[in-house]
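Chemist: As input, take structure.tsv (TSV, C-alpha atoms (C1' of nucleotides)):
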```tsv
chain	number	residue	atom	x	y	z
A	1363	MET	CA	0.00	0.00	0.00
A	1364	THR	CA	1.55	3.26	-1.09
A	1365	GLU	CA	1.67	6.10	1.40
A	1366	VAL	CA	0.75	9.72	0.93
A	1367	LEU	CA	3.74	11.84	-0.08
A	1368	LEU	CA	4.91	13.99	2.80
A	1369	PRO	CA	6.29	17.54	2.68
A	1370	ALA	CA	9.81	16.33	3.54
A	1371	HIS	CA	9.91	14.43	0.25
A	1372	PHE	CA	10.01	17.75	-1.60
A	1373	ASN	CA	13.10	19.13	0.10
A	1374	ALA	CA	15.18	18.14	-2.91
A	1375	ASP	CA	15.98	18.75	-6.59
A	1376	PRO	CA	12.69	19.54	-8.36
A	1377	VAL	CA	13.83	17.85	-11.57
A	1378	ARG	CA	14.22	14.49	-9.84
A	1379	ILE	CA	11.03	15.00	-7.89
A	1380	ALA	CA	9.05	15.86	-11.01
A	1381	ARG	CA	10.30	12.74	-12.78
A	1382	GLY	CA	9.35	10.60	-9.80
A	1383	LEU	CA	5.85	12.04	-9.64
A	1384	LEU	CA	4.92	10.63	-13.06
A	1385	GLY	CA	2.41	7.85	-12.69
A	1386	GLY	CA	1.47	8.98	-9.21
A	1387	THR	CA	-2.03	9.89	-8.16
A	1388	LEU	CA	-3.38	13.33	-7.35
A	1389	ILE	CA	-6.23	13.13	-4.86
A	1390	ARG	CA	-8.72	15.90	-4.26
A	1391	VAL	CA	-11.37	15.53	-1.55
A	1392	THR	CA	-14.03	18.18	-1.93
A	1393	PRO	CA	-15.71	19.94	1.01
A	1394	GLU	CA	-18.72	17.65	0.38
A	1395	GLY	CA	-16.44	14.64	0.73
A	1396	ASP	CA	-16.29	13.63	-2.93
A	1397	ARG	CA	-13.09	12.02	-4.18
A	1398	LEU	CA	-11.69	13.40	-7.42
A	1399	THR	CA	-8.52	11.64	-8.49
A	1400	GLY	CA	-6.23	11.44	-11.47
A	1401	ARG	CA	-3.01	9.88	-12.62
A	1402	ILE	CA	-0.19	12.37	-13.06
A	1403	VAL	CA	0.88	12.16	-16.72
A	1404	GLU	CA	2.76	15.42	-17.33
A	1405	VAL	CA	4.98	17.51	-15.04
A	1406	GLU	CA	7.64	20.20	-15.27
A	1407	ALA	CA	10.42	21.34	-12.94
A	1408	TYR	CA	11.43	24.90	-12.14
A	1409	ASP	CA	14.69	25.39	-10.30
A	1410	CYS	CA	15.21	29.11	-10.06
A	1411	PRO	CA	18.84	29.42	-8.98
A	1412	ARG	CA	19.98	27.68	-12.20
A	1413	ASP	CA	16.91	28.23	-14.37
A	1414	PRO	CA	16.67	31.03	-16.93
A	1415	ALA	CA	12.97	30.21	-17.44
A	1416	CYS	CA	12.14	30.81	-13.81
A	1417	THR	CA	10.75	34.32	-13.56
A	1418	ALA	CA	10.41	33.83	-9.82
A	1419	GLY	CA	14.16	33.83	-9.34
A	1420	ARG	CA	15.98	37.02	-10.06
A	1421	PHE	CA	13.20	39.00	-11.60
A	1422	HIS	CA	10.13	38.72	-9.43
A	1423	ALA	CA	10.89	39.15	-5.76
A	1424	ALA	CA	7.35	38.61	-4.49
A	1425	ARG	CA	6.80	35.48	-6.53
A	1426	SER	CA	10.20	34.27	-5.51
A	1427	ALA	CA	9.12	34.57	-1.88
A	1428	ASP	CA	6.02	32.50	-2.64
A	1429	MET	CA	7.98	29.77	-4.33
A	1430	ALA	CA	10.67	29.93	-1.67
A	1431	THR	CA	8.30	28.83	1.07
A	1432	ALA	CA	8.91	25.65	3.01
A	1433	PRO	CA	9.15	22.50	0.83
A	1434	GLY	CA	6.05	20.42	0.35
A	1435	ARG	CA	3.49	23.19	0.24
A	1436	TRP	CA	0.95	23.71	-2.51
A	1437	LEU	CA	1.28	26.95	-4.40
A	1438	PHE	CA	-0.51	28.48	-7.35
A	1439	TRP	CA	1.46	30.28	-10.02
A	1440	THR	CA	-0.71	32.55	-12.10
A	1441	ALA	CA	-0.17	33.11	-15.79
A	1442	TYR	CA	-2.55	34.77	-18.22
A	1443	GLY	CA	-5.09	34.97	-15.45
A	1444	HIS	CA	-5.06	31.24	-14.77
A	1445	PRO	CA	-3.93	29.40	-11.63
A	1446	LEU	CA	-1.32	26.65	-12.09
A	1447	LEU	CA	-0.81	24.00	-9.42
A	1448	GLN	CA	2.70	23.53	-8.07
A	1449	VAL	CA	4.55	22.12	-5.10
A	1450	ALA	CA	7.36	24.08	-3.49
A	1451	CYS	CA	10.67	22.22	-3.47
A	1452	ARG	CA	14.12	22.64	-1.89
A	1453	PRO	CA	14.72	24.22	1.52
A	1454	GLU	CA	12.81	27.28	2.62
A	1455	GLY	CA	14.39	30.36	1.08
A	1456	VAL	CA	15.21	28.68	-2.23
A	1457	ALA	CA	12.71	29.18	-5.05
A	1458	ALA	CA	12.06	25.85	-6.77
A	1459	SER	CA	8.95	23.91	-7.65
A	1460	VAL	CA	7.24	21.16	-9.57
A	1461	LEU	CA	4.39	22.08	-11.90
A	1462	ILE	CA	1.64	19.53	-12.50
A	1463	ARG	CA	0.60	20.02	-16.11
A	1464	ALA	CA	-1.87	17.24	-16.80
A	1465	ILE	CA	-3.63	14.28	-15.18
A	1466	GLU	CA	-5.66	11.34	-16.43
A	1467	PRO	CA	-9.05	11.49	-14.69
A	1468	LEU	CA	-9.76	8.39	-12.61
A	1469	GLU	CA	-12.41	8.90	-9.92
A	1470	GLY	CA	-15.09	11.58	-9.80
A	1471	VAL	CA	-15.16	12.33	-13.51
A	1472	GLY	CA	-18.80	13.40	-13.27
A	1473	HIS	CA	-17.98	15.93	-10.57
A	1474	MET	CA	-15.05	17.21	-12.63
A	1475	LEU	CA	-17.32	17.69	-15.63
A	1476	THR	CA	-19.61	19.73	-13.43
A	1477	ASN	CA	-16.72	21.93	-12.38
A	1478	ARG	CA	-15.50	22.24	-15.93
A	1479	PRO	CA	-17.92	21.26	-18.69
A	1480	VAL	CA	-16.20	20.11	-21.86
A	1481	THR	CA	-17.36	18.44	-25.05
A	1482	ARG	CA	-14.57	15.90	-25.25
A	1483	GLU	CA	-13.62	14.23	-22.00
A	1484	ARG	CA	-10.03	14.27	-23.20
A	1485	ASP	CA	-9.98	18.04	-22.70
A	1486	LEU	CA	-11.04	17.82	-19.06
A	1487	THR	CA	-7.65	17.91	-17.36
A	1488	ASN	CA	-5.06	18.12	-20.16
A	1489	GLY	CA	-3.56	21.45	-19.11
A	1490	PRO	CA	-2.14	22.96	-15.94
A	1491	ALA	CA	-5.03	25.36	-15.36
A	1492	LYS	CA	-7.65	22.94	-16.68
A	1493	LEU	CA	-6.94	20.43	-13.94
A	1494	VAL	CA	-7.12	23.14	-11.31
A	1495	TYR	CA	-10.62	24.06	-12.51
A	1496	ALA	CA	-11.76	20.47	-12.94
A	1497	LEU	CA	-10.70	19.53	-9.42
A	1498	GLY	CA	-12.39	22.63	-8.02
A	1499	LEU	CA	-9.23	23.86	-6.36
A	1500	VAL	CA	-9.46	27.23	-4.65
A	1501	PRO	CA	-6.08	28.99	-4.67
A	1502	ALA	CA	-7.15	31.54	-2.05
A	1503	LEU	CA	-7.92	28.70	0.36
A	1504	MET	CA	-5.30	26.15	-0.57
A	1505	ALA	CA	-2.14	28.11	-1.32
A	1506	GLY	CA	0.40	27.44	1.38
A	1507	THR	CA	-1.26	24.28	2.69
A	1508	ALA	CA	0.81	21.11	3.00
A	1509	VAL	CA	0.96	18.52	0.20
A	1510	ASP	CA	-0.35	15.89	2.59
A	1511	SER	CA	-3.50	17.87	3.41
A	1512	PRO	CA	-6.75	15.87	3.44
A	1513	ALA	CA	-8.25	18.18	0.82
A	1514	LEU	CA	-5.40	17.68	-1.66
A	1515	HIS	CA	-2.56	15.17	-1.58
A	1516	MET	CA	-0.64	12.70	-3.72
A	1517	LEU	CA	0.37	9.07	-3.86
A	1518	PRO	CA	3.62	8.02	-5.55
A	1519	PRO	CA	3.34	5.59	-8.47
A	1520	GLN	CA	2.57	2.08	-7.32
A	1521	TRP	CA	5.52	0.86	-9.40
A	1522	PRO	CA	8.31	3.14	-10.60
A	1523	VAL	CA	7.75	4.24	-14.18
A	1524	PRO	CA	10.72	3.03	-16.29
A	1525	ASP	CA	12.70	5.60	-18.30
A	1526	GLY	CA	11.57	3.89	-21.48
A	1527	ALA	CA	8.01	4.93	-20.76
A	1528	VAL	CA	8.85	8.61	-20.26
A	1529	ASP	CA	9.26	11.37	-22.83
A	1530	VAL	CA	11.65	14.10	-21.72
A	1531	THR	CA	11.30	17.43	-23.50
A	1532	ALA	CA	11.71	21.16	-23.17
A	1533	ARG	CA	9.09	22.93	-21.11
A	1534	ILE	CA	5.96	24.49	-22.58
A	1535	GLY	CA	5.19	28.15	-23.01
A	1536	ILE	CA	8.44	29.66	-21.81
A	1537	ARG	CA	10.89	31.98	-23.53
A	1538	GLU	CA	14.17	31.39	-21.76
A	1539	GLY	CA	15.60	28.08	-20.71
A	1540	ARG	CA	14.23	26.15	-23.65
A	1541	THR	CA	17.26	23.89	-23.84
A	1542	LEU	CA	16.61	22.41	-20.41
A	1543	PRO	CA	14.86	18.99	-20.66
A	1544	TRP	CA	12.72	19.47	-17.61
A	1545	ARG	CA	9.30	18.36	-18.84
A	1546	PHE	CA	8.33	14.75	-18.22
A	1547	VAL	CA	5.46	12.99	-19.95
A	1548	LEU	CA	4.05	9.48	-19.71
A	1549	ARG	CA	4.77	8.26	-23.22
A	1550	GLY	CA	1.71	7.75	-25.34
A	1551	SER	CA	-0.78	9.02	-22.79
A	1552	PRO	CA	-3.78	10.58	-24.53
A	1553	TRP	CA	-4.28	12.80	-21.49
A	1554	VAL	CA	-1.25	15.08	-21.82
A	1555	SER	CA	-1.59	18.72	-22.80
A	1556	PRO	CA	-2.12	19.39	-26.51
A	1557	ALA	CA	0.71	21.92	-26.61
A	1558	THR	CA	3.61	20.62	-28.67
A	1559	PRO	CA	7.03	20.75	-27.04
A	1560	SER	CA	9.25	23.33	-28.68
A	1561	MET	CA	12.07	20.82	-28.68
A	1562	GLU	CA	12.30	17.09	-28.20
A	1563	LEU	CA	15.06	15.52	-26.18
A	1564	HIS	CA	16.97	14.24	-29.17
A	1565	SER	CA	17.18	17.72	-30.66
A	1566	ILE	CA	18.27	19.08	-27.31
A	1567	LEU	CA	21.10	16.58	-27.24
A	1568	ALA	CA	21.94	17.36	-30.85
A	1569	THR	CA	22.33	21.06	-30.16
B	1326	DA	C1'	-2.44	55.06	-11.51
B	1327	DC	C1'	-1.00	53.27	-15.68
B	1328	DT	C1'	1.54	49.85	-18.76
B	1329	DT	C1'	3.39	45.53	-19.90
B	1330	DC	C1'	3.68	40.80	-19.87
B	1331	DG	C1'	3.10	36.02	-19.35
B	1332	DA	C1'	4.81	28.53	-16.84
B	1333	DT	C1'	-3.03	29.54	-20.47
B	1334	DG	C1'	-7.41	28.49	-22.56
B	1335	DC	C1'	-10.97	29.13	-25.98
B	1336	DT	C1'	-12.77	30.09	-30.38
B	1337	DC	C1'	-12.73	30.49	-34.41
B	1338	DT	C1'	-10.41	29.66	-39.51
C	1121	DG	C1'	-2.30	27.92	-36.17
C	1122	DA	C1'	-3.86	32.52	-35.35
C	1123	DG	C1'	-6.21	35.82	-32.58
C	1124	DC	C1'	-8.03	37.28	-28.32
C	1125	DA	C1'	-9.76	37.26	-23.36
C	1126	DT	C1'	-7.75	37.36	-18.91
C	1127	DC	C1'	-5.75	39.14	-14.32
C	1128	DG	C1'	-2.24	39.33	-10.91
C	1129	DA	C1'	2.53	40.79	-10.45
C	1130	DA	C1'	6.16	44.02	-11.55
C	1131	DG	C1'	8.07	48.08	-13.26
C	1132	DT	C1'	7.60	52.79	-13.95
C	1133	DA	C1'	5.98	57.58	-12.27
```
What is this structure when it is put down as structure tokens?

Modeler:
Amino acid sequence: MTEVLLPAHFNADPVRIARGLLGGTLIRVTPEGDRLTGRIVEVEAYDCPRDPACTAGRFHAARSADMATAPGRWLFWTAYGHPLLQVACRPEGVAASVLIRAIEPLEGVGHMLTNRPVTRERDLTNGPAKLVYALGLVPALMAGTAVDSPALHMLPPQWPVPDGAVDVTARIGIREGRTLPWRFVLRGSPWVSPATPSMELHSILAT
DNA sequence: ACTTCGATGCTCT
DNA sequence: GAGCATCGAAGTA
């Protein structure tokens, strides 16, 4: 029986943590007690001290403070008016995080569809903000809470996902840092975000 | 107070 | 695949 991931697990390199999260389960328990769960199929790492893509680092002091909170706390990055679910990594004072970009809906699909009506079920949670809406997450309430909170927590994958089943690419939607292969995707999953990676791993290695 | 800019999503061609 | 809505954070004044 796999155990809920604890905050201490996130006091480490976000790239390794992100990779290890693939295949895990994100579990949302609504105020009414409904279980909404999904398999984690797409993640990205942001490691500000060495990451040109991380606008929280040198450039945005306030955001940096948010992301530099104690490891293992939920936080919501906002971009284009949308909340993106992340977990703070590394020791307090260091801005680093894992971004959950897509999940495969498992339990509570009906409830998710209520939160976020879509025509094709495939579009329910295949984007970082989409899954936040589908799970009914409330940033104002949940930002800063621990990753092992009853309302929102995670299980590691039941079996480790082998490297052969993982696509490693550049991250989506960023300007700087596009050569860093810090996006991890469950290969072949139909539930990943539709955005095409700007660069596949092989072209990164070729450059 | 005003301007710019995204770690996005949606709606059309 | 192009265009636009969106809104909080940051920079400027």

Chemist: Please, what distance in Å, to one decimal, runs between atom CA of Ser1426 of chain A and atom CA of Ala1464 of chain A?

Modeler: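 Separation of atom CA of Ser1426 of chain A and atom CA of Ala1464 of chain A: 23.7 Å.
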
Chemist: Write out as an NGL selection string which residues come within 8 Å of Ala1415 of chain A when counting all atoms listed in the file, dropping same-chain ones fewer than 6 positions away.

Modeler: :A and (1408 or 1536-1540)

Chemist: If we count only C-alpha atoms (C1' of nucleotides), what is near DC1330 of chain B at a cut-off of 10 Å, once residues fewer than 4 positions away on the same chain are taken out, given as an MDAnalysis selection string?

Modeler: (chainID A and resid 1441:1442) or (chainID C and resid 1129:1130)

Chemist: I want to know what sits within 9 Å of segment 1122-1127 of chain C, based on only C-alpha atoms (C1' of nucleotides), with residues of the same chain fewer than 6 positions away left out; could you give that as a VMD selection string?

Modeler: (chain A and resid 1440 to 1444) or (chain B and resid 1335 to 1338)

Chemist: Which residues of chain A come within 12 Å of chain B, and what is each one's closest atom pair and distance in Å (one decimal), counting only C-alpha atoms (C1' of nucleotides), sorted by chain and residue number, as CSV?

Modeler:
```
residue,atom,partner,partner_atom,distance
A:Val1405,CA,B:DA1332,C1',11.2
A:Glu1406,CA,B:DA1332,C1',8.9
A:Ala1407,CA,B:DA1332,C1',9.9
A:Tyr1408,CA,B:DA1332,C1',8.9
A:Ala1415,CA,B:DA1332,C1',8.4
A:Cys1416,CA,B:DA1332,C1',8.3
A:Thr1417,CA,B:DA1332,C1',8.9
A:Ala1418,CA,B:DA1332,C1',10.4
A:Phe1438,CA,B:DA1332,C1',10.9
A:Trp1439,CA,B:DA1332,C1',7.8
A:Thr1440,CA,B:DA1332,C1',8.3
A:Ala1441,CA,B:DG1331,C1',5.6
A:Tyr1442,CA,B:DT1333,C1',5.7
A:Gly1443,CA,B:DT1333,C1',7.7
A:His1444,CA,B:DT1333,C1',6.3
A:Pro1445,CA,B:DT1333,C1',8.9
A:Leu1446,CA,B:DA1332,C1',8.0
A:Leu1447,CA,B:DA1332,C1',10.4
A:Gln1448,CA,B:DA1332,C1',10.3
A:Ser1459,CA,B:DA1332,C1',11.1
A:Val1460,CA,B:DA1332,C1',10.6
A:Leu1461,CA,B:DA1332,C1',8.1
A:Ile1462,CA,B:DA1332,C1',10.5
A:Arg1463,CA,B:DA1332,C1',9.5
A:Val1480,CA,B:DC1335,C1',11.2
A:Asp1485,CA,B:DG1334,C1',10.8
A:Leu1486,CA,B:DG1334,C1',11.8
A:Thr1487,CA,B:DG1334,C1',11.8
A:Asn1488,CA,B:DG1334,C1',10.9
A:Gly1489,CA,B:DT1333,C1',8.2
A:Pro1490,CA,B:DT1333,C1',8.0
A:Ala1491,CA,B:DT1333,C1',6.9
A:Lys1492,CA,B:DG1334,C1',8.1
A:Leu1493,CA,B:DG1334,C1',11.8
A:Val1494,CA,B:DT1333,C1',11.9
A:Tyr1495,CA,B:DG1334,C1',11.4
A:Ala1532,CA,B:DA1332,C1',11.9
A:Arg1533,CA,B:DA1332,C1',8.2
A:Ile1534,CA,B:DA1332,C1',7.1
A:Gly1535,CA,B:DA1332,C1',6.2
A:Ile1536,CA,B:DA1332,C1',6.3
A:Arg1537,CA,B:DA1332,C1',9.7
A:Glu1538,CA,B:DA1332,C1',11.0
A:Gly1539,CA,B:DA1332,C1',11.5
A:Arg1540,CA,B:DA1332,C1',11.9
A:Arg1545,CA,B:DA1332,C1',11.3
A:Ser1555,CA,B:DT1333,C1',11.2
A:Pro1556,CA,B:DG1334,C1',11.2
A:Ala1557,CA,B:DT1333,C1',10.5
```

Chemist: One decimal, Å: what's the distance from atom CA of Cys1451 of chain A over to atom CA of Pro1433 of chain A, could you say?

Modeler: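 Atom CA of Pro1433 of chain A lies 4.6 Å from atom CA of Cys1451 of chain A.
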
Chemist: Return the single residue from A:Gly1526, A:Gly1382, A:Pro1411, A:Gly1472 that is closest to Ala1458 of chain A, with distances computed using all atoms listed in the file.

Modeler: A:Pro1411

Chemist: Take atom CA of Val1366 of chain A and atom CA of Pro1518 of chain A and report the distance between them in Å, one decimal.

Modeler: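 Computing the Euclidean distance for atom CA of Val1366 of chain A and atom CA of Pro1518 of chain A yields 7.3 Å.
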
Chemist: Considering only C-alpha atoms, can you say which of A:His1371, A:Arg1378, A:Arg1412, A:Arg1397 comes closest to Met1474 of chain A?

Modeler: A:Arg1397

Chemist: I want to know what sits within 12 Å of Trp1436 of chain A, based on all atoms listed in the file, with residues of the same chain fewer than 6 positions away left out; could you give that as a PyMOL selection string?

Modeler: chain A and resi 1368-1369+1372+1428-1430+1445-1451+1459-1462+1494+1499-1511+1513-1516

Chemist: The selected residues should be written to file as a PDB file, keeping the file's coordinate frame (atoms: C-alpha atoms).

Modeler:
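Output file again.pdb follows:
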```
ATOM      1  CA  LEU A1368       4.910  13.990   2.800  1.00  0.00           C
ATOM      2  CA  PRO A1369       6.290  17.540   2.680  1.00  0.00           C
ATOM      3  CA  PHE A1372      10.010  17.750  -1.600  1.00  0.00           C
ATOM      4  CA  ASP A1428       6.020  32.500  -2.640  1.00  0.00           C
ATOM      5  CA  MET A1429       7.980  29.770  -4.330  1.00  0.00           C
ATOM      6  CA  ALA A1430      10.670  29.930  -1.670  1.00  0.00           C
ATOM      7  CA  PRO A1445      -3.930  29.400 -11.630  1.00  0.00           C
ATOM      8  CA  LEU A1446      -1.320  26.650 -12.090  1.00  0.00           C
ATOM      9  CA  LEU A1447      -0.810  24.000  -9.420  1.00  0.00           C
ATOM     10  CA  GLN A1448       2.700  23.530  -8.070  1.00  0.00           C
ATOM     11  CA  VAL A1449       4.550  22.120  -5.100  1.00  0.00           C
ATOM     12  CA  ALA A1450       7.360  24.080  -3.490  1.00  0.00           C
ATOM     13  CA  CYS A1451      10.670  22.220  -3.470  1.00  0.00           C
ATOM     14  CA  SER A1459       8.950  23.910  -7.650  1.00  0.00           C
ATOM     15  CA  VAL A1460       7.240  21.160  -9.570  1.00  0.00           C
ATOM     16  CA  LEU A1461       4.390  22.080 -11.900  1.00  0.00           C
ATOM     17  CA  ILE A1462       1.640  19.530 -12.500  1.00  0.00           C
ATOM     18  CA  VAL A1494      -7.120  23.140 -11.310  1.00  0.00           C
ATOM     19  CA  LEU A1499      -9.230  23.860  -6.360  1.00  0.00           C
ATOM     20  CA  VAL A1500      -9.460  27.230  -4.650  1.00  0.00           C
ATOM     21  CA  PRO A1501      -6.080  28.990  -4.670  1.00  0.00           C
ATOM     22  CA  ALA A1502      -7.150  31.540  -2.050  1.00  0.00           C
ATOM     23  CA  LEU A1503      -7.920  28.700   0.360  1.00  0.00           C
ATOM     24  CA  MET A1504      -5.300  26.150  -0.570  1.00  0.00           C
ATOM     25  CA  ALA A1505      -2.140  28.110  -1.320  1.00  0.00           C
ATOM     26  CA  GLY A1506       0.400  27.440   1.380  1.00  0.00           C
ATOM     27  CA  THR A1507      -1.260  24.280   2.690  1.00  0.00           C
ATOM     28  CA  ALA A1508       0.810  21.110   3.000  1.00  0.00           C
ATOM     29  CA  VAL A1509       0.960  18.520   0.200  1.00  0.00           C
ATOM     30  CA  ASP A1510      -0.350  15.890   2.590  1.00  0.00           C
ATOM     31  CA  SER A1511      -3.500  17.870   3.410  1.00  0.00           C
ATOM     32  CA  ALA A1513      -8.250  18.180   0.820  1.00  0.00           C
ATOM     33  CA  LEU A1514      -5.400  17.680  -1.660  1.00  0.00           C
ATOM     34  CA  HIS A1515      -2.560  15.170  -1.580  1.00  0.00           C
ATOM     35  CA  MET A1516      -0.640  12.700  -3.720  1.00  0.00           C
TER      36      MET A1516
END
```

Chemist: When you count only C-alpha atoms (C1' of nucleotides), which of these residues is closest to chain C: A:Met1363, A:Arg1425, A:Leu1542, A:Gly1395?

Modeler: A:Arg1425
